[in-house]
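J.: Got my_file_5.cif for you, mmCIF, N, CA and C atoms:
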```
data_coords
#
loop_
_atom_site.label_atom_id
_atom_site.label_comp_id
_atom_site.auth_asym_id
_atom_site.auth_seq_id
_atom_site.Cartn_x
_atom_site.Cartn_y
_atom_site.Cartn_z
N MET A 1 -6.22 55.14 -8.34
CA MET A 1 -6.75 53.80 -8.39
C MET A 1 -6.56 53.17 -7.01
N TRP A 2 -7.58 52.51 -6.55
CA TRP A 2 -7.52 51.84 -5.25
C TRP A 2 -7.96 50.40 -5.40
N TYR A 3 -7.25 49.54 -4.71
CA TYR A 3 -7.64 48.15 -4.58
C TYR A 3 -7.78 47.93 -3.09
N VAL A 4 -8.96 47.69 -2.61
CA VAL A 4 -9.18 47.52 -1.18
C VAL A 4 -9.59 46.08 -0.91
N PHE A 5 -8.84 45.44 -0.05
CA PHE A 5 -9.15 44.07 0.33
C PHE A 5 -9.42 44.05 1.83
N SER A 6 -10.49 43.47 2.21
CA SER A 6 -10.84 43.39 3.63
C SER A 6 -10.18 42.19 4.30
N GLY A 7 -9.47 41.40 3.55
CA GLY A 7 -8.82 40.22 4.10
C GLY A 7 -9.18 38.99 3.28
N MET A 8 -8.91 37.84 3.83
CA MET A 8 -9.21 36.60 3.13
C MET A 8 -10.70 36.54 2.79
N GLY A 9 -10.96 36.13 1.57
CA GLY A 9 -12.33 36.03 1.10
C GLY A 9 -12.70 37.16 0.15
N SER A 10 -11.79 38.12 0.01
CA SER A 10 -12.07 39.26 -0.87
C SER A 10 -11.58 39.04 -2.29
N GLN A 11 -10.91 37.93 -2.53
CA GLN A 11 -10.37 37.64 -3.85
C GLN A 11 -11.44 37.01 -4.75
N TRP A 12 -11.20 37.08 -6.05
CA TRP A 12 -12.11 36.45 -7.00
C TRP A 12 -11.29 36.02 -8.22
N TYR A 13 -11.76 35.00 -8.91
CA TYR A 13 -11.00 34.51 -10.06
C TYR A 13 -10.93 35.59 -11.12
N GLY A 14 -9.77 35.70 -11.76
CA GLY A 14 -9.55 36.71 -12.79
C GLY A 14 -9.42 38.12 -12.24
N MET A 15 -9.18 38.25 -10.93
CA MET A 15 -9.22 39.57 -10.29
C MET A 15 -8.19 40.55 -10.82
N ALA A 16 -7.13 40.07 -11.45
CA ALA A 16 -6.09 40.98 -11.94
C ALA A 16 -5.93 40.93 -13.46
N LYS A 17 -6.82 40.23 -14.11
CA LYS A 17 -6.69 40.05 -15.55
C LYS A 17 -6.63 41.40 -16.29
N ASP A 18 -7.53 42.29 -16.01
CA ASP A 18 -7.55 43.59 -16.69
C ASP A 18 -6.36 44.47 -16.29
N LEU A 19 -5.90 44.33 -15.05
CA LEU A 19 -4.76 45.13 -14.60
C LEU A 19 -3.46 44.74 -15.30
N MET A 20 -3.40 43.58 -15.90
CA MET A 20 -2.19 43.17 -16.60
C MET A 20 -1.88 44.10 -17.78
N ALA A 21 -2.85 44.87 -18.22
CA ALA A 21 -2.62 45.85 -19.29
C ALA A 21 -1.83 47.06 -18.79
N VAL A 22 -1.73 47.23 -17.47
CA VAL A 22 -0.98 48.32 -16.87
C VAL A 22 0.46 47.83 -16.66
N LYS A 23 1.38 48.38 -17.44
CA LYS A 23 2.75 47.86 -17.46
C LYS A 23 3.41 47.75 -16.08
N PRO A 24 3.36 48.77 -15.22
CA PRO A 24 4.00 48.62 -13.91
C PRO A 24 3.40 47.48 -13.09
N PHE A 25 2.09 47.29 -13.20
CA PHE A 25 1.46 46.19 -12.48
C PHE A 25 1.95 44.86 -13.03
N ARG A 26 1.89 44.72 -14.36
CA ARG A 26 2.31 43.46 -14.99
C ARG A 26 3.77 43.16 -14.65
N ASP A 27 4.64 44.18 -14.71
CA ASP A 27 6.05 43.97 -14.39
C ASP A 27 6.24 43.51 -12.95
N SER A 28 5.48 44.10 -12.03
CA SER A 28 5.56 43.70 -10.63
C SER A 28 5.12 42.24 -10.44
N ILE A 29 4.03 41.88 -11.09
CA ILE A 29 3.52 40.51 -10.97
C ILE A 29 4.51 39.52 -11.59
N LEU A 30 5.07 39.86 -12.74
CA LEU A 30 6.03 38.96 -13.39
C LEU A 30 7.30 38.81 -12.56
N GLN A 31 7.74 39.90 -11.93
CA GLN A 31 8.92 39.81 -11.07
C GLN A 31 8.62 38.92 -9.86
N SER A 32 7.47 39.12 -9.25
CA SER A 32 7.08 38.26 -8.12
C SER A 32 6.93 36.82 -8.57
N ASN A 33 6.40 36.62 -9.77
CA ASN A 33 6.21 35.28 -10.31
C ASN A 33 7.53 34.52 -10.40
N THR A 34 8.58 35.24 -10.79
CA THR A 34 9.91 34.64 -10.91
C THR A 34 10.34 34.01 -9.59
N TYR A 35 10.11 34.71 -8.49
CA TYR A 35 10.49 34.18 -7.18
C TYR A 35 9.56 33.06 -6.72
N LEU A 36 8.29 33.21 -6.99
CA LEU A 36 7.31 32.23 -6.51
C LEU A 36 7.37 30.92 -7.27
N GLU A 37 7.87 30.93 -8.51
CA GLU A 37 7.99 29.69 -9.28
C GLU A 37 8.84 28.66 -8.55
N ARG A 38 9.79 29.12 -7.77
CA ARG A 38 10.66 28.21 -6.99
C ARG A 38 9.85 27.35 -6.03
N PHE A 39 8.67 27.85 -5.67
CA PHE A 39 7.81 27.15 -4.72
C PHE A 39 6.61 26.50 -5.41
N GLY A 40 6.67 26.44 -6.74
CA GLY A 40 5.61 25.80 -7.50
C GLY A 40 4.35 26.65 -7.64
N ILE A 41 4.48 27.98 -7.48
CA ILE A 41 3.34 28.88 -7.59
C ILE A 41 3.47 29.71 -8.86
N ASP A 42 2.46 29.64 -9.72
CA ASP A 42 2.43 30.44 -10.95
C ASP A 42 1.48 31.62 -10.71
N LEU A 43 2.03 32.72 -10.20
CA LEU A 43 1.24 33.88 -9.82
C LEU A 43 0.50 34.47 -11.01
N TYR A 44 1.17 34.59 -12.14
CA TYR A 44 0.54 35.17 -13.32
C TYR A 44 -0.71 34.36 -13.72
N LYS A 45 -0.54 33.07 -13.80
CA LYS A 45 -1.67 32.20 -14.17
C LYS A 45 -2.77 32.30 -13.12
N MET A 46 -2.39 32.33 -11.85
CA MET A 46 -3.36 32.40 -10.77
C MET A 46 -4.22 33.67 -10.88
N LEU A 47 -3.58 34.80 -11.15
CA LEU A 47 -4.30 36.07 -11.17
C LEU A 47 -5.10 36.31 -12.44
N THR A 48 -4.82 35.56 -13.48
CA THR A 48 -5.53 35.76 -14.74
C THR A 48 -6.44 34.60 -15.10
N SER A 49 -6.49 33.59 -14.28
CA SER A 49 -7.26 32.39 -14.56
C SER A 49 -8.77 32.64 -14.57
N ASP A 50 -9.45 31.94 -15.47
CA ASP A 50 -10.91 31.96 -15.51
C ASP A 50 -11.51 30.80 -14.72
N ASP A 51 -10.66 30.06 -14.03
CA ASP A 51 -11.10 28.91 -13.25
C ASP A 51 -11.70 29.38 -11.92
N GLU A 52 -12.98 29.13 -11.75
CA GLU A 52 -13.68 29.58 -10.55
C GLU A 52 -13.15 28.96 -9.26
N THR A 53 -12.41 27.86 -9.37
CA THR A 53 -11.90 27.18 -8.17
C THR A 53 -10.49 27.63 -7.79
N THR A 54 -9.92 28.57 -8.53
CA THR A 54 -8.54 29.01 -8.28
C THR A 54 -8.31 29.37 -6.82
N PHE A 55 -9.22 30.12 -6.23
CA PHE A 55 -9.00 30.60 -4.87
C PHE A 55 -9.66 29.74 -3.80
N CYS A 56 -10.04 28.53 -4.17
CA CYS A 56 -10.46 27.57 -3.16
C CYS A 56 -9.25 27.10 -2.36
N ASN A 57 -8.07 27.25 -2.97
CA ASN A 57 -6.81 26.92 -2.32
C ASN A 57 -6.37 28.13 -1.49
N THR A 58 -6.21 27.94 -0.18
CA THR A 58 -5.86 29.04 0.72
C THR A 58 -4.54 29.70 0.35
N ILE A 59 -3.57 28.93 -0.11
CA ILE A 59 -2.29 29.51 -0.51
C ILE A 59 -2.49 30.47 -1.68
N ASN A 60 -3.29 30.08 -2.66
CA ASN A 60 -3.57 30.95 -3.79
C ASN A 60 -4.24 32.24 -3.32
N SER A 61 -5.17 32.12 -2.40
CA SER A 61 -5.86 33.30 -1.88
C SER A 61 -4.89 34.26 -1.22
N PHE A 62 -4.06 33.75 -0.34
CA PHE A 62 -3.11 34.59 0.38
C PHE A 62 -2.10 35.24 -0.56
N VAL A 63 -1.51 34.43 -1.43
CA VAL A 63 -0.48 34.93 -2.34
C VAL A 63 -1.08 35.93 -3.34
N GLY A 64 -2.24 35.64 -3.86
CA GLY A 64 -2.89 36.54 -4.82
C GLY A 64 -3.18 37.91 -4.22
N ILE A 65 -3.76 37.92 -3.04
CA ILE A 65 -4.07 39.19 -2.37
C ILE A 65 -2.79 39.94 -2.04
N ALA A 66 -1.80 39.23 -1.49
CA ALA A 66 -0.54 39.89 -1.10
C ALA A 66 0.16 40.49 -2.31
N ALA A 67 0.18 39.79 -3.43
CA ALA A 67 0.86 40.30 -4.63
C ALA A 67 0.21 41.59 -5.14
N VAL A 68 -1.10 41.65 -5.13
CA VAL A 68 -1.79 42.86 -5.58
C VAL A 68 -1.57 43.99 -4.58
N GLN A 69 -1.56 43.68 -3.29
CA GLN A 69 -1.32 44.71 -2.28
C GLN A 69 0.11 45.24 -2.34
N VAL A 70 1.07 44.39 -2.59
CA VAL A 70 2.46 44.83 -2.70
C VAL A 70 2.58 45.81 -3.85
N TRP A 71 1.96 45.50 -4.97
CA TRP A 71 2.01 46.42 -6.11
C TRP A 71 1.38 47.75 -5.73
N ARG A 72 0.26 47.73 -5.07
CA ARG A 72 -0.43 48.96 -4.69
C ARG A 72 0.45 49.79 -3.77
N ARG A 73 1.13 49.15 -2.85
CA ARG A 73 2.01 49.86 -1.91
C ARG A 73 3.17 50.50 -2.65
N MET A 74 3.67 49.86 -3.68
CA MET A 74 4.80 50.41 -4.46
C MET A 74 4.39 51.67 -5.21
N TRP A 75 3.10 51.85 -5.48
CA TRP A 75 2.62 53.00 -6.23
C TRP A 75 2.29 54.18 -5.35
N ARG A 76 2.52 54.05 -4.06
CA ARG A 76 2.22 55.13 -3.13
C ARG A 76 2.96 56.40 -3.53
N LEU A 77 2.26 57.50 -3.56
CA LEU A 77 2.88 58.77 -3.93
C LEU A 77 3.09 59.64 -2.72
#
```
Rewrite the structure of this file - the entire thing - as structure tokens.
T.:
Amino acid sequence: MWYVFSGMGSQWYGMAKDLMAVKPFRDSILQSNTYLERFGIDLYKMLTSDDETTFCNTINSFVGIAAVQVWRRMWRL
């Protein structure tokens, strides 16, 4: 499985909704969410939202892409 992001602008609302069914992915996102909550960021909600304006916020775009990339890097074989 590959997730390729060319940089900012490659994100889309609900981009990780289906991946939440993959336990290692969900666990990684929930663990990251625990840390990000301290800064008022709900990563889980951000990645599963059906709100088309979710990634109009630059912080959401950066954090969303980084969280998915971190998970992908952890799966390197």
J.: Expand the PyMOL selection byres (((chain A and resi 45-47 and name CA) around 8) and name CA) into the individual residues it matches in the shown file, reporting them as a VMD selection string.
T.: chain A and resid 13 to 17 42 to 44 48 to 49 54 60 64
J.: Could you check how far atom CA of A:Phe25 sits from atom CA of A:Gln69, in Å to one decimal?
T.: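 Spanning atom CA of A:Phe25 to atom CA of A:Gln69 is a straight-line distance of 10.7 Å.
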J.: Would you mind reading off the distance between atom C of A:Ile29 and atom CA of A:Val68, one decimal, in Å?
T.: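 For atom C of A:Ile29 relative to atom CA of A:Val68, the distance reads 9.3 Å.
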J.: For A:Gln31, which residue among A:Asp18, A:Phe62, A:Asp51, A:Ala67 is the nearest when counting only C-alpha atoms?
T.: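 Answer, going by the shortest atom-to-atom distance: A:Ala67.
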J.: Mind giving me the straight-line distance from atom CA of A:Pro24 to atom CA of A:Ala66 in Å, one decimal?
T.: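 Spanning atom CA of A:Pro24 to atom CA of A:Ala66 is a straight-line distance of 16.2 Å.
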J.: Around all the atoms of stretch 59-71 of chain A listed in the file, with 3 Å of room on each side, what axis-aligned box do you get, giving centre and edge lengths in Å to one decimal, as AutoDock Vina command-line options?
T.:
```
--center_x -1.6 --center_y 38.3 --center_z -2.9 --size_x 14.4 --size_y 24.8 --size_z 12.5
```
J.: Using only N, CA and C atoms, which of A:Ser28, A:Asn33, A:Phe55, A:Ala21 sits nearest A:Val70?
T.: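 Answer, going by the shortest atom-to-atom distance: A:Ser28.
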J.: For a quick check of understanding, using only C-alpha atoms, which of A:Asp27, A:Val22, A:Ile65, A:Ile59 has the smallest distance to A:Phe39?
T.: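 Using only C-alpha atoms, A:Phe39 sits closest to A:Ile59.
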